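These notes concern the structure reproduced below.
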Amino acid sequence: MAKQKMLGFVKTAQCLPDKRKADDRRQDFREIYARFSDERANEQANRCSQCGVPFCQVHCPVGNNIPDWLKLTAEGRLEEAYEVSQSTNNFPEICGRICPQDRLCEGNCVIEQSTHGAVTIGSVERYITDTAWEKGWVKPRAPERELGLSVGIIGAGPAGLAAAEQLRAKGYEVHVYDRYDRAGGLLVYGIPGFKLEKDVVERRATLLADAGVVFHLNFDVGRDATLETLRDRHAAVLIATGVYKARDLGVKGDGLGNIVPALSYLTVSNRKDLGDAVPEYDDGSLNAAGKDVVVIGGGDTAMDCVRTAIRQGAKSVKCLYRRDRKNMPGSQREVAHAEEEGVEFLWQAAPEAFEGTGVVSAVKAVRIHLGVADATGRQTPQVIDGSEFTIPADLVVKALGFDPENLPVLFGSPDLKVSRWGTVLANPHTKMSSLDGVFAAGDIVRGASLVVWAIRDGRDAAEQIHAYIKAKAAAPVLAAAE
């Protein structure tokens, strides 16, 4: 497929509303727009204590060799630092931008624990890889020899793309099938451009195409081909679709207009920034400009929504979360950014009903008391009697998390076994599903999680697919020898 058809990114400027000047933003936020200087990267890298137990690496899902590439950066050996960084991570510049470092590497930095402030690992990682792109050090991973076998991957998100690169480097012909018109999945349509510039995703997809990965976009498995068809076509198939089905509230008035799932809202915003024609944005229905916006949820997706609404010029933005701040599943760094940008958080509050005629005009909410801990260790939310209050709302965004779609029905494959939550049941060691030669990785197995975990899962699945195909090819030889 032509690269032009696969990639349709338009580089766009990301701006705050006029009422918020750029110099009002905190330093961490400015780093999205302005690169580290050589001196600053060197300064941060030199702060690494090179401790005996690298807790930063231990708490990185891909096992990134952080101390070594920090040491190389401190010595000015950036090309070597990049080689070390990319050896365990297919998309280091993406993880450097969107990983919740405060919960992973930086949050476990020994210097952070000693109250001197963590080494800014994510910023240095981003700096190393952006420099590598500028200097031409990033090359397609073309195989040394072709194996003459193909693997099909369903889903062009981080798990699928990581697996595609690993398998292509081993010599497989890799075909990636995705329902969207651009490769990247949620990296393109679910994460705002102010956190992850879309040309950063585009250049990775282009690199994979240059290495020989074949993309089949606007391709719906179930509509354009069944899973069984893909099994016949390839030596192995990897399901890496992610989870996209929005969770619902099920409260009175939920069917009113201008109450939308988070992904719908973010996709429209991202498509607009990419230069697409987006009627839902242009007619104002999914545009927060001048509106009182209420976002319900406490994860990173909720933070993406509130910060997007601020940038669209919302009149006010409020976030309702039924627990308190310390129990919030999202990054505390993201919460701090949102507060600085003008978002109002209503902690321990939950919607009870939506009011309005035809379209929403208000959210009726209640206050929440956190009771005793349940079996998971989290305190149980309990409604406080007589605590009802009303919030004006012209647009409500539900950021309650994501569930899997019904893949056995969607793919026309009733024998594909799923859990009671709808995730694909896959052997944790081999990554194989209930169907021979069909593997699964990423959120479709573990549930909605972090991009870095999807990358790790995709890499692991690629190794298991390679082992499976090798074993299958050797079986007839062994049988003949017996």
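Ligands are numbered from 1 in the order shown, residues from 1 within each chain, and chains are lettered A, B, ... in the order they appear in the structure tokens.
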With the cut-off set at 9 Å and counting only C-alpha atoms, tabulate each residue of stretch 314-374 of chain A with an atom at most that distance from an atom of stretch 92-108 of chain A, showing the nearest atom pair and its distance in Å to one decimal, ordered by chain and increasing number, as a Markdown table.
| residue | atom | partner | partner_atom | distance |
| --- | --- | --- | --- | --- |
| A:Gly330 | CA | A:Pro100 | CA | 8.4 |
| A:Ser331 | CA | A:Pro100 | CA | 5.9 |
| A:Gln332 | CA | A:Asp102 | CA | 7.5 |
| A:Arg333 | CA | A:Asp102 | CA | 7.0 |
| A:Glu334 | CA | A:Pro100 | CA | 8.6 |
Would you put the residues from that selection into a file with all heavy atoms, as a tab-separated table (two decimals), in the first residue's frame?
chain	number	residue	atom	x	y	z
A	330	GLY	N	-4.87	8.08	37.48
A	330	GLY	CA	-4.03	8.79	36.52
A	330	GLY	C	-2.78	9.36	37.14
A	330	GLY	O	-2.57	9.34	38.35
A	331	SER	N	-1.92	9.89	36.28
A	331	SER	CA	-0.66	10.49	36.71
A	331	SER	C	-0.90	11.76	37.50
A	331	SER	O	-1.65	12.64	37.08
A	331	SER	CB	0.21	10.79	35.48
A	331	SER	OG	1.28	11.64	35.81
A	332	GLN	N	-0.25	11.87	38.66
A	332	GLN	CA	-0.37	13.09	39.47
A	332	GLN	C	0.24	14.29	38.74
A	332	GLN	O	-0.19	15.43	38.93
A	332	GLN	CB	0.31	12.88	40.82
A	332	GLN	CG	-0.41	11.91	41.73
A	332	GLN	CD	-1.79	12.41	42.14
A	332	GLN	OE1	-2.00	13.58	42.40
A	332	GLN	NE2	-2.76	11.50	42.17
A	333	ARG	N	1.21	14.04	37.91
A	333	ARG	CA	1.81	15.10	37.11
A	333	ARG	C	0.78	15.69	36.15
A	333	ARG	O	0.70	16.91	35.96
A	333	ARG	CB	3.02	14.56	36.34
A	333	ARG	CG	3.79	15.60	35.56
A	333	ARG	CD	4.99	14.96	34.87
A	333	ARG	NE	5.95	14.45	35.84
A	333	ARG	CZ	7.03	13.74	35.51
A	333	ARG	NH1	7.26	13.45	34.24
A	333	ARG	NH2	7.85	13.31	36.43
A	334	GLU	N	-0.04	14.82	35.56
A	334	GLU	CA	-1.09	15.28	34.65
A	334	GLU	C	-2.14	16.10	35.40
A	334	GLU	O	-2.64	17.10	34.89
A	334	GLU	CB	-1.75	14.07	33.97
A	334	GLU	CG	-0.91	13.42	32.90
A	334	GLU	CD	-0.84	14.28	31.66
A	334	GLU	OE1	-1.89	14.63	31.09
A	334	GLU	OE2	0.29	14.62	31.26
Backbone DSSP call of strand (DSSP E) for stretch 293-458 of chain A, listed as a short mmCIF file (atom, residue, chain, number, x, y, z; two decimals) with all heavy atoms, in the first residue's frame:
data_model
loop_
_atom_site.label_atom_id
_atom_site.label_comp_id
_atom_site.auth_asym_id
_atom_site.auth_seq_id
_atom_site.Cartn_x
_atom_site.Cartn_y
_atom_site.Cartn_z
N VAL A 293 -17.95 22.66 30.52
CA VAL A 293 -17.62 21.26 30.25
C VAL A 293 -17.43 20.51 31.56
O VAL A 293 -16.76 21.00 32.48
CB VAL A 293 -16.34 21.15 29.40
CG1 VAL A 293 -15.97 19.69 29.14
CG2 VAL A 293 -16.51 21.90 28.08
N VAL A 294 -18.03 19.33 31.63
CA VAL A 294 -17.84 18.45 32.79
C VAL A 294 -17.28 17.12 32.28
O VAL A 294 -17.86 16.50 31.39
CB VAL A 294 -19.16 18.20 33.54
CG1 VAL A 294 -18.94 17.19 34.67
CG2 VAL A 294 -19.70 19.51 34.10
N VAL A 295 -16.14 16.72 32.82
CA VAL A 295 -15.52 15.44 32.49
C VAL A 295 -15.64 14.53 33.69
O VAL A 295 -15.35 14.92 34.83
CB VAL A 295 -14.03 15.62 32.10
CG1 VAL A 295 -13.38 14.26 31.85
CG2 VAL A 295 -13.92 16.51 30.87
N ILE A 296 -16.10 13.30 33.46
CA ILE A 296 -16.32 12.35 34.54
C ILE A 296 -15.28 11.24 34.44
O ILE A 296 -15.20 10.53 33.44
CB ILE A 296 -17.74 11.76 34.47
CG1 ILE A 296 -18.77 12.89 34.54
CG2 ILE A 296 -17.97 10.74 35.57
CD1 ILE A 296 -20.17 12.45 34.18
N SER A 316 -15.71 26.93 31.10
CA SER A 316 -15.25 26.34 32.36
C SER A 316 -15.07 24.84 32.14
O SER A 316 -15.72 24.25 31.27
CB SER A 316 -16.26 26.57 33.49
OG SER A 316 -17.45 25.81 33.28
N VAL A 317 -14.15 24.25 32.92
CA VAL A 317 -13.91 22.80 32.83
C VAL A 317 -13.83 22.25 34.24
O VAL A 317 -13.00 22.68 35.05
CB VAL A 317 -12.60 22.47 32.07
CG1 VAL A 317 -12.41 20.95 32.00
CG2 VAL A 317 -12.60 23.08 30.69
N LYS A 318 -14.73 21.31 34.52
CA LYS A 318 -14.75 20.65 35.82
C LYS A 318 -14.57 19.15 35.64
O LYS A 318 -15.07 18.57 34.67
CB LYS A 318 -16.06 20.93 36.56
CG LYS A 318 -16.25 22.39 36.97
CD LYS A 318 -17.58 22.59 37.68
CE LYS A 318 -17.70 24.02 38.22
NZ LYS A 318 -17.75 25.01 37.12
N CYS A 319 -13.86 18.54 36.58
CA CYS A 319 -13.64 17.09 36.55
C CYS A 319 -14.24 16.48 37.80
O CYS A 319 -13.88 16.86 38.92
CB CYS A 319 -12.14 16.78 36.48
SG CYS A 319 -11.77 15.01 36.40
N LEU A 320 -15.18 15.55 37.62
CA LEU A 320 -15.80 14.84 38.73
C LEU A 320 -15.12 13.48 38.89
O LEU A 320 -15.02 12.70 37.93
CB LEU A 320 -17.30 14.60 38.46
CG LEU A 320 -18.29 15.58 39.06
CD1 LEU A 320 -18.11 16.94 38.41
CD2 LEU A 320 -19.71 15.08 38.88
N TYR A 321 -14.66 13.21 40.11
CA TYR A 321 -14.07 11.91 40.39
C TYR A 321 -14.58 11.44 41.75
O TYR A 321 -14.57 12.20 42.72
CB TYR A 321 -12.54 11.98 40.38
CG TYR A 321 -11.89 10.65 40.65
CD1 TYR A 321 -12.21 9.54 39.86
CD2 TYR A 321 -10.99 10.49 41.69
CE1 TYR A 321 -11.63 8.31 40.10
CE2 TYR A 321 -10.40 9.26 41.93
CZ TYR A 321 -10.72 8.16 41.14
OH TYR A 321 -10.15 6.94 41.38
N GLU A 344 -11.00 22.72 37.25
CA GLU A 344 -11.46 22.60 38.64
C GLU A 344 -11.81 21.14 38.92
O GLU A 344 -12.61 20.53 38.21
CB GLU A 344 -12.69 23.48 38.88
CG GLU A 344 -13.22 23.40 40.30
CD GLU A 344 -14.48 24.21 40.52
OE1 GLU A 344 -14.86 24.98 39.60
OE2 GLU A 344 -15.11 24.06 41.59
N PHE A 345 -11.21 20.57 39.96
CA PHE A 345 -11.46 19.19 40.33
C PHE A 345 -12.46 19.13 41.48
O PHE A 345 -12.31 19.84 42.48
CB PHE A 345 -10.17 18.49 40.73
CG PHE A 345 -9.29 18.15 39.57
CD1 PHE A 345 -8.39 19.08 39.07
CD2 PHE A 345 -9.38 16.91 38.96
CE1 PHE A 345 -7.59 18.78 37.99
CE2 PHE A 345 -8.58 16.59 37.87
CZ PHE A 345 -7.68 17.53 37.38
N LEU A 346 -13.48 18.30 41.29
CA LEU A 346 -14.47 18.06 42.34
C LEU A 346 -14.24 16.64 42.84
O LEU A 346 -14.72 15.66 42.25
CB LEU A 346 -15.89 18.23 41.80
CG LEU A 346 -16.20 19.62 41.21
CD1 LEU A 346 -17.62 19.66 40.66
CD2 LEU A 346 -16.02 20.71 42.27
N TRP A 347 -13.46 16.52 43.91
CA TRP A 347 -13.10 15.22 44.45
C TRP A 347 -14.28 14.62 45.21
O TRP A 347 -15.12 15.33 45.78
CB TRP A 347 -11.90 15.32 45.37
CG TRP A 347 -10.70 16.00 44.76
CD1 TRP A 347 -10.20 17.22 45.07
CD2 TRP A 347 -9.87 15.48 43.72
NE1 TRP A 347 -9.10 17.51 44.30
CE2 TRP A 347 -8.87 16.45 43.46
CE3 TRP A 347 -9.86 14.30 42.98
CZ2 TRP A 347 -7.88 16.28 42.50
CZ3 TRP A 347 -8.87 14.12 42.02
CH2 TRP A 347 -7.91 15.11 41.79
N ALA A 349 -16.95 13.10 44.29
CA ALA A 349 -18.25 13.51 43.74
C ALA A 349 -18.57 12.62 42.55
O ALA A 349 -17.67 12.24 41.78
CB ALA A 349 -18.22 14.97 43.32
N ALA A 350 -19.84 12.28 42.39
CA ALA A 350 -20.25 11.39 41.31
C ALA A 350 -21.58 11.83 40.73
O ALA A 350 -22.44 12.36 41.46
CB ALA A 350 -20.35 9.95 41.83
N PRO A 351 -21.79 11.63 39.42
CA PRO A 351 -23.06 12.02 38.81
C PRO A 351 -24.18 11.07 39.23
O PRO A 351 -24.00 9.86 39.29
CB PRO A 351 -22.76 11.91 37.31
CG PRO A 351 -21.68 10.89 37.22
CD PRO A 351 -20.85 11.04 38.44
N GLU A 352 -25.32 11.66 39.51
CA GLU A 352 -26.52 10.87 39.84
C GLU A 352 -27.53 10.90 38.71
O GLU A 352 -28.31 9.96 38.51
CB GLU A 352 -27.15 11.42 41.12
CG GLU A 352 -28.28 10.58 41.67
CD GLU A 352 -28.82 11.15 42.97
OE1 GLU A 352 -29.30 12.31 42.97
OE2 GLU A 352 -28.74 10.45 44.00
N ALA A 353 -27.52 11.99 37.95
CA ALA A 353 -28.43 12.12 36.81
C ALA A 353 -27.97 13.29 35.95
O ALA A 353 -27.20 14.15 36.39
CB ALA A 353 -29.86 12.36 37.30
N PHE A 354 -28.46 13.29 34.70
CA PHE A 354 -28.21 14.41 33.80
C PHE A 354 -29.54 15.10 33.52
O PHE A 354 -30.57 14.43 33.34
CB PHE A 354 -27.58 13.93 32.49
CG PHE A 354 -26.25 13.26 32.68
CD1 PHE A 354 -26.11 11.90 32.49
CD2 PHE A 354 -25.13 13.98 33.07
CE1 PHE A 354 -24.89 11.27 32.66
CE2 PHE A 354 -23.90 13.37 33.26
CZ PHE A 354 -23.79 12.00 33.06
N GLU A 355 -29.52 16.41 33.48
CA GLU A 355 -30.74 17.17 33.27
C GLU A 355 -30.65 17.93 31.96
O GLU A 355 -29.57 18.30 31.50
CB GLU A 355 -30.96 18.15 34.43
CG GLU A 355 -31.08 17.45 35.79
CD GLU A 355 -31.19 18.44 36.95
OE1 GLU A 355 -30.87 19.64 36.74
OE2 GLU A 355 -31.59 18.02 38.05
N GLY A 356 -31.83 18.16 31.36
CA GLY A 356 -31.88 18.91 30.11
C GLY A 356 -33.04 18.48 29.26
O GLY A 356 -33.68 17.46 29.51
N THR A 357 -33.30 19.27 28.22
CA THR A 357 -34.35 18.95 27.26
C THR A 357 -33.70 18.74 25.90
O THR A 357 -33.25 19.70 25.27
CB THR A 357 -35.38 20.09 27.18
OG1 THR A 357 -35.92 20.34 28.48
CG2 THR A 357 -36.51 19.72 26.22
N VAL A 359 -30.84 18.14 24.91
CA VAL A 359 -29.40 18.12 25.15
C VAL A 359 -29.16 18.42 26.63
O VAL A 359 -29.99 19.00 27.31
CB VAL A 359 -28.66 19.16 24.27
CG1 VAL A 359 -28.81 18.83 22.81
CG2 VAL A 359 -29.15 20.56 24.57
N VAL A 360 -28.01 18.01 27.12
CA VAL A 360 -27.70 18.18 28.53
C VAL A 360 -27.55 19.66 28.87
O VAL A 360 -27.03 20.45 28.09
CB VAL A 360 -26.42 17.40 28.89
CG1 VAL A 360 -25.17 18.01 28.25
CG2 VAL A 360 -26.24 17.29 30.39
N SER A 361 -28.02 20.03 30.05
CA SER A 361 -27.84 21.40 30.53
C SER A 361 -27.22 21.44 31.92
O SER A 361 -26.73 22.48 32.35
CB SER A 361 -29.19 22.15 30.56
OG SER A 361 -30.09 21.49 31.45
N ALA A 362 -27.25 20.29 32.61
CA ALA A 362 -26.68 20.25 33.96
C ALA A 362 -26.40 18.81 34.38
O ALA A 362 -27.02 17.86 33.86
CB ALA A 362 -27.62 20.91 34.97
N VAL A 363 -25.48 18.68 35.32
CA VAL A 363 -25.19 17.39 35.93
C VAL A 363 -25.64 17.45 37.38
O VAL A 363 -25.22 18.35 38.13
CB VAL A 363 -23.68 17.05 35.87
CG1 VAL A 363 -23.41 15.73 36.57
CG2 VAL A 363 -23.18 17.03 34.44
N LYS A 364 -26.50 16.53 37.76
CA LYS A 364 -26.90 16.41 39.16
C LYS A 364 -25.95 15.43 39.82
O LYS A 364 -25.86 14.26 39.41
CB LYS A 364 -28.35 15.93 39.27
CG LYS A 364 -28.87 15.91 40.70
CD LYS A 364 -30.32 15.44 40.75
CE LYS A 364 -30.83 15.41 42.19
NZ LYS A 364 -32.25 14.93 42.25
N ALA A 365 -25.20 15.87 40.82
CA ALA A 365 -24.17 15.05 41.44
C ALA A 365 -24.39 14.91 42.93
O ALA A 365 -25.21 15.63 43.53
CB ALA A 365 -22.79 15.66 41.17
N VAL A 366 -23.68 13.95 43.50
CA VAL A 366 -23.75 13.72 44.94
C VAL A 366 -22.34 13.63 45.50
O VAL A 366 -21.39 13.30 44.78
CB VAL A 366 -24.51 12.42 45.28
CG1 VAL A 366 -25.98 12.54 44.97
CG2 VAL A 366 -23.91 11.23 44.52
N ARG A 367 -22.20 13.93 46.78
CA ARG A 367 -20.92 13.80 47.45
C ARG A 367 -20.71 12.36 47.89
O ARG A 367 -21.67 11.63 48.18
CB ARG A 367 -20.85 14.72 48.68
CG ARG A 367 -20.97 16.20 48.34
CD ARG A 367 -19.75 16.72 47.62
NE ARG A 367 -19.86 18.14 47.31
CZ ARG A 367 -18.96 18.81 46.59
NH1 ARG A 367 -17.89 18.17 46.13
NH2 ARG A 367 -19.11 20.09 46.35
N ILE A 368 -19.45 11.96 47.94
CA ILE A 368 -19.09 10.57 48.24
C ILE A 368 -18.24 10.49 49.50
O ILE A 368 -17.31 11.29 49.68
CB ILE A 368 -18.34 9.94 47.06
CG1 ILE A 368 -19.21 9.92 45.79
CG2 ILE A 368 -17.85 8.54 47.39
CD1 ILE A 368 -20.42 9.02 45.88
N HIS A 369 -18.55 9.52 50.34
CA HIS A 369 -17.70 9.20 51.49
C HIS A 369 -16.97 7.90 51.18
O HIS A 369 -17.57 6.94 50.68
CB HIS A 369 -18.55 9.03 52.75
CG HIS A 369 -17.80 8.39 53.89
ND1 HIS A 369 -16.81 9.05 54.58
CD2 HIS A 369 -17.90 7.14 54.44
CE1 HIS A 369 -16.33 8.25 55.51
NE2 HIS A 369 -16.97 7.09 55.45
N LEU A 370 -15.67 7.85 51.45
CA LEU A 370 -14.89 6.64 51.22
C LEU A 370 -14.92 5.80 52.48
O LEU A 370 -14.38 6.18 53.53
CB LEU A 370 -13.45 6.99 50.83
CG LEU A 370 -13.29 7.72 49.51
CD1 LEU A 370 -11.82 8.04 49.24
CD2 LEU A 370 -13.88 6.91 48.36
N GLY A 371 -15.58 4.63 52.37
CA GLY A 371 -15.75 3.75 53.51
C GLY A 371 -14.59 2.80 53.70
O GLY A 371 -13.45 3.07 53.31
N VAL A 372 -14.88 1.63 54.27
CA VAL A 372 -13.85 0.64 54.54
C VAL A 372 -13.34 0.05 53.23
O VAL A 372 -14.03 0.05 52.21
CB VAL A 372 -14.39 -0.48 55.46
CG1 VAL A 372 -14.77 0.08 56.81
CG2 VAL A 372 -15.57 -1.19 54.80
N ALA A 373 -12.12 -0.48 53.28
CA ALA A 373 -11.51 -1.05 52.09
C ALA A 373 -12.19 -2.36 51.69
O ALA A 373 -12.62 -3.14 52.55
CB ALA A 373 -10.03 -1.29 52.34
N GLN A 379 -10.83 1.79 49.27
CA GLN A 379 -12.00 2.17 50.05
C GLN A 379 -13.25 2.20 49.18
O GLN A 379 -13.21 2.62 48.03
CB GLN A 379 -11.78 3.53 50.69
CG GLN A 379 -10.71 3.54 51.79
CD GLN A 379 -10.43 4.94 52.28
OE1 GLN A 379 -9.74 5.70 51.62
NE2 GLN A 379 -11.00 5.29 53.43
N THR A 380 -14.36 1.76 49.75
CA THR A 380 -15.61 1.67 49.01
C THR A 380 -16.33 3.01 49.01
O THR A 380 -16.60 3.59 50.07
CB THR A 380 -16.53 0.62 49.65
OG1 THR A 380 -15.83 -0.62 49.74
CG2 THR A 380 -17.79 0.43 48.83
N PRO A 381 -16.65 3.54 47.80
CA PRO A 381 -17.38 4.83 47.74
C PRO A 381 -18.82 4.65 48.22
O PRO A 381 -19.52 3.71 47.84
CB PRO A 381 -17.35 5.18 46.24
CG PRO A 381 -16.30 4.29 45.64
CD PRO A 381 -16.28 3.06 46.47
N GLN A 382 -19.27 5.56 49.07
CA GLN A 382 -20.63 5.53 49.59
C GLN A 382 -21.25 6.92 49.45
O GLN A 382 -20.63 7.93 49.80
CB GLN A 382 -20.64 5.11 51.07
CG GLN A 382 -20.07 3.72 51.31
CD GLN A 382 -19.91 3.41 52.79
OE1 GLN A 382 -19.98 4.30 53.63
NE2 GLN A 382 -19.69 2.14 53.11
N VAL A 383 -22.47 6.97 48.93
CA VAL A 383 -23.16 8.24 48.71
C VAL A 383 -23.55 8.85 50.07
O VAL A 383 -24.06 8.16 50.96
CB VAL A 383 -24.41 8.05 47.84
CG1 VAL A 383 -25.20 9.34 47.74
CG2 VAL A 383 -24.00 7.55 46.46
N PHE A 389 -26.01 18.17 44.56
CA PHE A 389 -25.75 19.52 44.05
C PHE A 389 -25.76 19.46 42.53
O PHE A 389 -25.67 18.38 41.93
CB PHE A 389 -24.42 20.08 44.57
CG PHE A 389 -23.20 19.31 44.13
CD1 PHE A 389 -22.39 19.78 43.11
CD2 PHE A 389 -22.84 18.11 44.77
CE1 PHE A 389 -21.26 19.08 42.71
CE2 PHE A 389 -21.71 17.41 44.38
CZ PHE A 389 -20.92 17.89 43.35
N THR A 390 -25.90 20.62 41.90
CA THR A 390 -26.05 20.67 40.44
C THR A 390 -24.94 21.51 39.82
O THR A 390 -24.58 22.57 40.35
CB THR A 390 -27.43 21.25 40.07
OG1 THR A 390 -28.45 20.44 40.64
CG2 THR A 390 -27.61 21.28 38.56
N ILE A 391 -24.43 21.02 38.70
CA ILE A 391 -23.37 21.72 37.98
C ILE A 391 -23.86 22.04 36.57
O ILE A 391 -24.32 21.14 35.85
CB ILE A 391 -22.11 20.84 37.85
CG1 ILE A 391 -21.71 20.26 39.20
CG2 ILE A 391 -20.96 21.62 37.24
CD1 ILE A 391 -20.70 19.13 39.06
N PRO A 392 -23.79 23.28 36.12
CA PRO A 392 -24.15 23.61 34.73
C PRO A 392 -23.23 22.87 33.75
O PRO A 392 -22.02 22.74 34.00
CB PRO A 392 -23.94 25.12 34.64
CG PRO A 392 -23.92 25.59 36.07
CD PRO A 392 -23.37 24.47 36.88
N LEU A 395 -21.57 20.41 27.79
CA LEU A 395 -20.91 19.25 27.21
C LEU A 395 -20.40 18.37 28.34
O LEU A 395 -19.71 18.86 29.24
CB LEU A 395 -19.75 19.69 26.31
CG LEU A 395 -18.86 18.58 25.72
CD1 LEU A 395 -19.67 17.70 24.76
CD2 LEU A 395 -17.65 19.18 25.00
N VAL A 396 -20.77 17.09 28.31
CA VAL A 396 -20.31 16.13 29.31
C VAL A 396 -19.50 15.05 28.60
O VAL A 396 -19.96 14.48 27.60
CB VAL A 396 -21.49 15.48 30.07
CG1 VAL A 396 -20.98 14.39 31.00
CG2 VAL A 396 -22.26 16.53 30.85
N VAL A 397 -18.30 14.79 29.10
CA VAL A 397 -17.43 13.77 28.52
C VAL A 397 -17.25 12.65 29.54
O VAL A 397 -16.82 12.89 30.67
CB VAL A 397 -16.06 14.35 28.13
CG1 VAL A 397 -15.19 13.26 27.48
CG2 VAL A 397 -16.23 15.53 27.18
N LYS A 398 -17.59 11.43 29.14
CA LYS A 398 -17.49 10.27 30.03
C LYS A 398 -16.15 9.58 29.80
O LYS A 398 -15.94 8.96 28.75
CB LYS A 398 -18.64 9.32 29.78
CG LYS A 398 -20.01 9.91 30.05
CD LYS A 398 -21.13 8.93 29.77
CE LYS A 398 -21.29 8.62 28.30
NZ LYS A 398 -22.45 7.76 28.01
N PHE A 402 -12.17 1.80 29.36
CA PHE A 402 -12.51 1.10 28.13
C PHE A 402 -12.62 -0.40 28.39
O PHE A 402 -11.91 -0.97 29.21
CB PHE A 402 -11.44 1.33 27.06
CG PHE A 402 -11.20 2.78 26.75
CD1 PHE A 402 -10.14 3.46 27.32
CD2 PHE A 402 -12.05 3.47 25.90
CE1 PHE A 402 -9.92 4.80 27.05
CE2 PHE A 402 -11.84 4.81 25.61
CZ PHE A 402 -10.77 5.47 26.19
N ASP A 403 -13.53 -1.02 27.66
CA ASP A 403 -13.72 -2.48 27.69
C ASP A 403 -13.48 -3.04 26.29
O ASP A 403 -13.56 -2.30 25.29
CB ASP A 403 -15.13 -2.83 28.15
CG ASP A 403 -15.35 -2.55 29.63
OD1 ASP A 403 -14.40 -2.77 30.41
OD2 ASP A 403 -16.45 -2.12 30.00
N VAL A 438 -2.84 -18.45 16.68
CA VAL A 438 -3.39 -17.11 16.89
C VAL A 438 -2.94 -16.62 18.27
O VAL A 438 -3.26 -17.24 19.29
CB VAL A 438 -4.92 -17.09 16.79
CG1 VAL A 438 -5.46 -15.69 17.09
CG2 VAL A 438 -5.37 -17.54 15.41
N PHE A 439 -2.20 -15.55 18.28
CA PHE A 439 -1.64 -15.00 19.51
C PHE A 439 -2.36 -13.69 19.85
O PHE A 439 -3.06 -13.12 19.03
CB PHE A 439 -0.13 -14.75 19.32
CG PHE A 439 0.64 -16.01 19.04
CD1 PHE A 439 0.62 -16.60 17.77
CD2 PHE A 439 1.40 -16.62 20.02
CE1 PHE A 439 1.32 -17.77 17.51
CE2 PHE A 439 2.12 -17.78 19.77
CZ PHE A 439 2.08 -18.35 18.51
N ALA A 440 -2.14 -13.22 21.07
CA ALA A 440 -2.77 -11.96 21.49
C ALA A 440 -1.84 -11.22 22.43
O ALA A 440 -1.10 -11.83 23.21
CB ALA A 440 -4.12 -12.22 22.16
#
TODO: Within 8 Å of stretch 63-76 of chain A, counting only C-alpha atoms, which residues show up once you throw out same-chain ones fewer than 2 positions away? Write them as a list in words, please.
DONE: Ala41, Asn42, Glu43, Ala45, Asn46, Cys48, Gln50, Pro54, Cys56, Gln57, Val58, His59, Cys60, Pro61, Leu78, Glu80, Ala81, Tyr82, Val84, Ser85, Thr88, Asn89, Ile121, Val124 and Ile128 of chain A
- [ ] Check the DSSP output for the backbone and give back, as a PyMOL selection string, the residues of stretch 301-404 of chain A in alpha helix (DSSP H).
- [x] chain A and resi 301-311+332-340
Based on the selection just made, write N, CA and C atoms of those residues as a short mmCIF file (atom, residue, chain, number, x, y, z; two decimals), in the first residue's frame.
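Writing done, so here's result.cif:
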data_model
loop_
_atom_site.label_atom_id
_atom_site.label_comp_id
_atom_site.auth_asym_id
_atom_site.auth_seq_id
_atom_site.Cartn_x
_atom_site.Cartn_y
_atom_site.Cartn_z
N THR A 301 -6.94 9.39 30.61
CA THR A 301 -7.84 9.80 29.52
C THR A 301 -8.69 10.98 29.96
N ALA A 302 -9.13 10.98 31.21
CA ALA A 302 -9.90 12.12 31.72
C ALA A 302 -9.05 13.38 31.70
N MET A 303 -7.76 13.25 32.05
CA MET A 303 -6.87 14.41 32.02
C MET A 303 -6.67 14.90 30.59
N ASP A 304 -6.59 13.99 29.64
CA ASP A 304 -6.48 14.39 28.23
C ASP A 304 -7.71 15.19 27.81
N CYS A 305 -8.87 14.76 28.30
CA CYS A 305 -10.12 15.45 27.93
C CYS A 305 -10.21 16.85 28.53
N VAL A 306 -9.90 16.98 29.82
CA VAL A 306 -10.03 18.31 30.44
C VAL A 306 -9.02 19.28 29.84
N ARG A 307 -7.82 18.80 29.54
CA ARG A 307 -6.80 19.69 28.98
C ARG A 307 -7.10 20.04 27.52
N THR A 308 -7.75 19.12 26.81
CA THR A 308 -8.20 19.43 25.44
C THR A 308 -9.28 20.48 25.47
N ALA A 309 -10.22 20.36 26.40
CA ALA A 309 -11.31 21.33 26.50
C ALA A 309 -10.76 22.73 26.80
N ILE A 310 -9.75 22.82 27.66
CA ILE A 310 -9.12 24.12 27.94
C ILE A 310 -8.56 24.72 26.66
N ARG A 311 -7.91 23.91 25.86
CA ARG A 311 -7.30 24.41 24.62
C ARG A 311 -8.32 24.80 23.57
N GLN A 332 -0.25 11.87 38.66
CA GLN A 332 -0.37 13.09 39.47
C GLN A 332 0.24 14.29 38.74
N ARG A 333 1.21 14.04 37.91
CA ARG A 333 1.81 15.10 37.11
C ARG A 333 0.78 15.69 36.15
N GLU A 334 -0.04 14.82 35.56
CA GLU A 334 -1.09 15.28 34.65
C GLU A 334 -2.14 16.10 35.40
N VAL A 335 -2.47 15.68 36.60
CA VAL A 335 -3.44 16.42 37.42
C VAL A 335 -2.90 17.82 37.71
N ALA A 336 -1.61 17.89 38.07
CA ALA A 336 -1.00 19.19 38.36
C ALA A 336 -1.02 20.09 37.14
N HIS A 337 -0.72 19.54 35.97
CA HIS A 337 -0.78 20.33 34.73
C HIS A 337 -2.20 20.87 34.52
N ALA A 338 -3.19 19.99 34.71
CA ALA A 338 -4.58 20.39 34.48
C ALA A 338 -4.99 21.51 35.43
N GLU A 339 -4.60 21.40 36.69
CA GLU A 339 -4.94 22.44 37.66
C GLU A 339 -4.32 23.77 37.26
N GLU A 340 -3.07 23.74 36.83
CA GLU A 340 -2.38 24.97 36.44
C GLU A 340 -3.03 25.62 35.22
#
